[in-house]
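Listing of structure-v7.cif, mmCIF, C-alpha atoms
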data_final
#
loop_
_atom_site.label_atom_id
_atom_site.label_comp_id
_atom_site.auth_asym_id
_atom_site.auth_seq_id
_atom_site.Cartn_x
_atom_site.Cartn_y
_atom_site.Cartn_z
CA MET A 9 199.15 209.84 93.70
CA ASN A 10 201.48 210.27 96.68
CA TYR A 11 203.91 207.91 94.95
CA LEU A 12 204.05 210.21 91.91
CA ILE A 13 204.58 213.27 94.08
CA GLY A 14 207.40 211.50 95.91
CA LEU A 15 208.93 210.42 92.60
CA PHE A 16 208.73 213.96 91.24
CA GLU A 17 210.38 215.35 94.40
CA SER A 18 213.16 212.75 94.17
CA VAL A 19 213.85 213.67 90.54
CA ARG A 20 213.77 217.39 91.41
CA ASP A 21 216.24 216.85 94.27
CA PHE A 22 218.50 214.75 92.01
CA ILE A 23 218.57 217.51 89.39
CA ALA A 24 219.17 220.17 92.04
CA THR A 25 222.12 218.17 93.37
CA GLY A 26 223.54 217.46 89.91
CA GLY A 27 223.10 220.91 88.41
CA ASP A 28 221.49 222.28 85.29
CA VAL A 29 223.57 220.06 82.98
CA LEU A 30 221.23 217.20 83.92
CA TYR A 31 218.49 218.94 81.94
CA PHE A 32 220.65 218.60 78.83
CA VAL A 33 221.33 214.94 79.60
CA ALA A 34 217.61 214.36 80.12
CA ALA A 35 216.74 216.16 76.87
CA ALA A 36 219.29 214.09 74.93
CA LEU A 37 217.99 210.85 76.43
CA PHE A 38 214.38 211.82 75.76
CA LEU A 39 215.19 212.60 72.12
CA MET A 40 217.15 209.35 71.78
CA TRP A 41 214.28 207.24 73.10
CA VAL A 42 211.68 209.07 71.00
CA LEU A 43 213.75 208.42 67.86
CA MET A 44 214.29 204.77 68.77
CA ILE A 45 210.58 204.23 69.39
CA GLU A 46 209.81 205.94 66.07
CA ARG A 47 212.23 203.63 64.25
CA TYR A 48 210.65 200.54 65.83
CA TRP A 49 207.22 201.84 64.83
CA TYR A 50 208.43 202.42 61.27
CA LEU A 51 209.96 198.94 61.04
CA THR A 52 206.90 197.17 62.39
CA SER A 53 204.02 199.25 61.04
CA VAL A 54 205.05 201.34 58.04
CA PHE A 55 207.81 199.40 56.28
CA PRO A 56 205.82 196.18 55.74
CA LYS A 57 203.30 198.24 53.73
CA VAL A 58 206.09 199.95 51.80
CA LYS A 59 207.68 196.58 51.05
CA LYS A 60 204.36 195.13 49.92
CA ASN A 61 203.81 198.12 47.63
CA ILE A 62 207.28 197.84 46.07
CA ILE A 63 206.84 194.11 45.48
CA ALA A 64 203.41 194.69 43.94
CA ASN A 65 204.83 197.39 41.64
CA TRP A 66 207.68 195.08 40.60
CA ASP A 67 205.35 192.15 39.95
CA ALA A 68 203.04 194.43 37.92
CA ARG A 69 205.85 195.40 35.55
CA ALA A 70 205.83 193.66 32.20
CA ASP A 71 209.58 194.12 31.84
CA THR A 72 211.72 192.86 34.72
CA THR A 73 214.81 191.79 32.81
CA SER A 74 216.08 194.86 30.96
CA TRP A 75 218.81 197.17 32.15
CA TYR A 76 216.20 199.91 32.75
CA ALA A 77 214.06 197.59 34.84
CA HIS A 78 217.05 196.75 37.03
CA ARG A 79 217.85 200.44 37.50
CA ILE A 80 214.25 201.03 38.60
CA ARG A 81 214.53 198.07 40.99
CA ASP A 82 217.79 199.44 42.37
CA ALA A 83 216.23 202.90 42.81
CA TRP A 84 213.29 201.43 44.75
CA ILE A 85 215.66 199.44 46.97
CA SER A 86 217.84 202.50 47.49
CA GLN A 87 214.86 204.65 48.47
CA ALA A 88 213.61 201.98 50.87
CA SER A 89 217.13 201.69 52.37
CA ASP A 90 217.28 205.44 52.88
CA ASP A 91 213.89 205.36 54.60
CA LEU A 92 214.97 202.44 56.79
CA ASN A 93 218.20 204.16 57.84
CA ALA A 94 216.57 207.53 58.47
CA ARG A 95 217.53 209.00 61.85
CA MET A 96 219.82 206.09 62.73
CA LEU A 97 222.86 208.40 62.52
CA ILE A 98 221.16 210.89 64.82
CA ILE A 99 220.53 208.12 67.36
CA ARG A 100 224.19 207.03 67.24
CA THR A 101 225.31 210.65 67.60
CA ILE A 102 223.13 211.22 70.66
CA ILE A 103 224.46 208.03 72.24
CA ALA A 104 228.01 209.25 71.66
CA MET A 105 227.24 212.73 72.99
CA CYS A 106 225.68 211.67 76.31
CA PRO A 107 229.02 211.02 78.04
CA LEU A 108 230.33 214.31 76.69
CA ILE A 109 227.36 216.18 78.11
CA GLY A 110 228.00 214.42 81.42
CA LEU A 111 231.62 215.55 81.29
CA LEU A 112 230.39 219.10 80.80
CA GLY A 113 228.66 218.64 84.16
CA THR A 114 231.99 217.51 85.62
CA VAL A 115 233.66 220.67 84.40
CA THR A 116 230.92 222.95 85.71
CA GLY A 117 230.92 221.15 89.07
CA MET A 118 234.68 221.43 89.42
CA ILE A 119 234.47 225.12 88.55
CA SER A 120 232.00 225.42 91.42
CA VAL A 121 234.43 223.62 93.74
CA PHE A 122 237.31 225.90 92.75
CA GLU A 123 235.10 228.96 93.10
CA THR A 124 234.13 227.85 96.60
CA MET A 125 237.77 227.24 97.49
CA ALA A 126 238.71 230.69 96.19
CA THR A 127 236.00 232.53 98.12
CA GLN A 128 235.57 230.40 101.26
CA GLY A 129 238.96 228.73 101.53
CA THR A 130 239.52 225.01 101.94
CA SER A 131 238.06 224.83 105.44
CA ASN A 132 234.39 224.55 104.34
CA ALA A 133 234.12 220.91 103.33
CA ARG A 134 230.33 221.03 103.09
CA LEU A 135 230.39 223.60 100.27
CA MET A 136 233.15 221.73 98.45
CA ALA A 137 231.17 218.49 98.72
CA ALA A 138 228.20 220.13 97.02
CA GLY A 139 230.43 221.10 94.09
CA ILE A 140 231.94 217.63 93.89
CA SER A 141 228.44 216.15 93.90
CA MET A 142 227.51 218.56 91.11
CA ALA A 143 230.56 217.27 89.23
CA THR A 144 229.93 213.55 89.59
CA ILE A 145 226.16 213.19 89.22
CA PRO A 146 225.96 214.50 85.61
CA THR A 147 228.91 212.30 84.67
CA MET A 148 227.13 209.28 86.12
CA ALA A 149 223.92 210.18 84.27
CA GLY A 150 225.74 210.82 81.01
CA MET A 151 227.70 207.57 81.19
CA GLY A 152 224.95 205.37 82.59
CA ALA A 153 222.46 205.86 79.78
CA PRO A 154 224.49 205.01 76.63
CA PRO A 155 224.84 201.26 77.30
CA PHE A 156 221.05 200.88 77.08
CA GLY A 157 221.00 203.08 74.00
CA LEU A 158 223.79 201.08 72.38
CA PHE A 159 221.95 197.81 73.02
CA ILE A 160 218.67 199.05 71.55
CA ASN A 161 220.48 200.76 68.67
CA SER A 162 222.34 197.57 67.73
CA ARG A 163 219.03 195.70 67.74
CA LEU A 164 217.51 198.39 65.54
CA GLU A 165 220.42 198.27 63.10
CA GLY A 166 220.07 194.50 62.86
CA LYS A 167 216.35 194.80 62.14
CA VAL A 168 217.04 197.47 59.50
CA LYS A 169 219.61 195.21 57.82
CA LEU A 170 217.23 192.23 57.84
CA ALA A 171 214.38 194.35 56.48
CA ARG A 172 216.54 195.62 53.61
CA GLU A 173 217.82 192.14 52.79
CA GLY A 174 214.26 190.81 52.90
CA LEU A 175 213.20 193.44 50.38
CA VAL A 176 216.12 192.68 48.08
CA ASP A 177 215.36 188.95 48.25
CA SER A 178 211.67 189.62 47.50
CA LEU A 179 212.49 191.35 44.21
CA PRO A 180 213.79 188.70 41.82
CA HIS A 181 216.86 189.72 39.87
CA HIS A 182 216.54 188.00 36.50
#

Please, can you express the file's structure as structure tokens?
Amino acid sequence: MNYLIGLFESVRDFIATGGDVLYFVAAALFLMWVLMIERYWYLTSVFPKVKKNIIANWDARADTTSWYAHRIRDAWISQASDDLNARMLIIRTIIAMCPLIGLLGTVTGMISVFETMATQGTSNARLMAAGISMATIPTMAGMGAPPFGLFINSRLEGKVKLAREGLVDSLPHH
């Protein structure tokens, strides 16, 4: 329990040093990870049932060779592809926005430094250091998280592509 209290205090101090922009970085990262976990859950739990259902519906059709049958097949594949790719664009957008949110922290921190210089002069290094810290910590947080997100996102996109190709291969095209 003391470990959790110490961890909470460390996070609180980190956010206090980095400024309020870290809340936005944290919210973006939280949303990114929730969406990635949801996509993995969909790929491993929901999509296999969807695929099985589509294959069963295709096998149950008496006509699988006509033009209409192929349009139905294409519609099912298209719907499954849309479901597989759902929220992937949002994940990529959040990954791209994290460094920009961190740069917003840089701007707000530098504004704090310039404000301190304007009111206190350049002789108070301690106050200027606090502003510089507020400028660099959000940038570090915003730029440190996307590499992990990019790695997981590329894995997700590969799994989505394989799942779609597996569905297409499972529906014979006569």

Check your understanding: Which is closer to Val42 (chain A) than all the others in A:Glu123, A:Thr147, A:Arg95, A:Val176, using all atoms listed in the file?
Key -> A:Arg95

Practice item. Please evaluate the PyMOL selection byres ((chain A and resi 84-93) around 10) against the displayed coordinates and give the resulting residues as a VMD selection string. Key: chain A and resid 47 50 to 51 55 58 to 59 62 to 63 65 to 66 78 to 83 94 to 97 164 to 165 167 to 169 171 to 173 175 to 176 179

Exercise for review: Run the PyMOL selection byres ((chain A and resi 104-108) around 7) on the file and write out the hits as a list of chain:residue names.
Suggested key: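 Residues picked by the PyMOL selection byres ((chain A and resi 104-108) around 7): A:Val33, A:Ala36, A:Arg100, A:Thr101, A:Ile102, A:Ile103, A:Ile109, A:Gly110, A:Leu111, A:Leu112, A:Thr147, A:Gly150, A:Met151, A:Pro154.
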
Review point. What does the distance between CA of Asp21 (chain A) and CA of Phe122 (chain A) come to in Å, to one decimal place?
Key: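 Answer for the CA of Asp21 (chain A) to CA of Phe122 (chain A) separation: 23.0 Å.
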
Practice item. Could you jot down the CA of Arg69 (chain A) to CA of Gly174 (chain A) separation for me, Å, one decimal place? Key: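 Here the two named atoms are 19.8 Å from each other.
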
Write only all heavy atoms for region 145-159 of chain A from the block just shown, as a compact mmCIF listing (two decimals), in the first residue's frame.
# COMPACT_ATOMS: atom_id res chain seq x y z
N ILE A 145 9.36 18.73 -19.91
CA ILE A 145 8.72 17.49 -19.46
C ILE A 145 7.53 17.09 -20.35
O ILE A 145 7.43 15.93 -20.76
CB ILE A 145 8.35 17.57 -17.97
CG1 ILE A 145 9.62 17.51 -17.14
CG2 ILE A 145 7.40 16.45 -17.57
CD1 ILE A 145 9.43 17.69 -15.66
N PRO A 146 6.61 18.00 -20.71
CA PRO A 146 5.52 17.58 -21.60
C PRO A 146 6.02 17.15 -22.98
O PRO A 146 5.47 16.23 -23.59
CB PRO A 146 4.64 18.82 -21.71
CG PRO A 146 4.97 19.66 -20.56
CD PRO A 146 6.40 19.36 -20.23
N THR A 147 7.08 17.80 -23.45
CA THR A 147 7.65 17.40 -24.74
C THR A 147 8.18 15.97 -24.65
O THR A 147 7.94 15.16 -25.55
CB THR A 147 8.77 18.36 -25.16
OG1 THR A 147 8.25 19.68 -25.15
CG2 THR A 147 9.30 18.03 -26.53
N MET A 148 8.90 15.68 -23.57
CA MET A 148 9.42 14.33 -23.38
C MET A 148 8.27 13.32 -23.31
O MET A 148 8.32 12.27 -23.95
CB MET A 148 10.24 14.27 -22.10
CG MET A 148 10.74 12.88 -21.76
SD MET A 148 11.37 12.73 -20.09
CE MET A 148 9.92 13.02 -19.11
N ALA A 149 7.22 13.64 -22.57
CA ALA A 149 6.09 12.72 -22.45
C ALA A 149 5.38 12.54 -23.78
O ALA A 149 5.00 11.43 -24.15
CB ALA A 149 5.12 13.24 -21.39
N GLY A 150 5.20 13.62 -24.51
CA GLY A 150 4.51 13.55 -25.79
C GLY A 150 5.31 12.84 -26.86
O GLY A 150 4.75 12.25 -27.77
N MET A 151 6.64 12.87 -26.77
CA MET A 151 7.47 12.23 -27.78
C MET A 151 7.91 10.83 -27.36
O MET A 151 8.31 10.04 -28.21
CB MET A 151 8.68 13.10 -28.09
CG MET A 151 8.23 14.47 -28.49
SD MET A 151 9.08 15.43 -29.68
CE MET A 151 9.78 14.50 -30.88
N GLY A 152 7.82 10.53 -26.08
CA GLY A 152 8.25 9.22 -25.61
C GLY A 152 7.22 8.14 -25.81
O GLY A 152 7.55 6.96 -25.95
N ALA A 153 5.96 8.49 -25.85
CA ALA A 153 4.90 7.49 -25.94
C ALA A 153 4.64 6.99 -27.36
O ALA A 153 4.36 5.80 -27.54
CB ALA A 153 3.61 8.07 -25.35
N PRO A 154 4.70 7.81 -28.40
CA PRO A 154 4.35 7.32 -29.73
C PRO A 154 5.15 6.13 -30.26
O PRO A 154 4.57 5.31 -30.97
CB PRO A 154 4.54 8.55 -30.62
CG PRO A 154 4.24 9.69 -29.72
CD PRO A 154 4.82 9.27 -28.40
N PRO A 155 6.43 5.97 -29.97
CA PRO A 155 7.10 4.77 -30.49
C PRO A 155 6.43 3.46 -30.05
O PRO A 155 6.28 2.54 -30.85
CB PRO A 155 8.52 4.87 -29.94
CG PRO A 155 8.73 6.33 -29.77
CD PRO A 155 7.40 6.88 -29.33
N PHE A 156 5.97 3.39 -28.80
CA PHE A 156 5.26 2.19 -28.35
C PHE A 156 3.94 2.06 -29.08
O PHE A 156 3.55 0.97 -29.50
CB PHE A 156 5.03 2.24 -26.83
CG PHE A 156 6.29 2.29 -26.03
CD1 PHE A 156 6.64 3.43 -25.33
CD2 PHE A 156 7.15 1.20 -25.99
CE1 PHE A 156 7.81 3.48 -24.60
CE2 PHE A 156 8.32 1.24 -25.27
CZ PHE A 156 8.66 2.38 -24.57
N GLY A 157 3.25 3.18 -29.23
CA GLY A 157 1.98 3.17 -29.95
C GLY A 157 2.16 2.77 -31.40
O GLY A 157 1.35 2.01 -31.95
N LEU A 158 3.22 3.27 -32.04
CA LEU A 158 3.47 2.90 -33.44
C LEU A 158 3.75 1.41 -33.57
O LEU A 158 3.29 0.76 -34.51
CB LEU A 158 4.66 3.70 -33.99
CG LEU A 158 4.38 5.15 -34.34
CD1 LEU A 158 5.69 5.88 -34.65
CD2 LEU A 158 3.42 5.24 -35.51
N PHE A 159 4.52 0.87 -32.65
CA PHE A 159 4.83 -0.57 -32.69
C PHE A 159 3.56 -1.41 -32.56
O PHE A 159 3.31 -2.30 -33.38
CB PHE A 159 5.82 -0.92 -31.57
CG PHE A 159 6.09 -2.39 -31.47
CD1 PHE A 159 6.87 -3.03 -32.42
CD2 PHE A 159 5.55 -3.14 -30.43
CE1 PHE A 159 7.11 -4.40 -32.34
CE2 PHE A 159 5.78 -4.50 -30.34
CZ PHE A 159 6.57 -5.13 -31.30
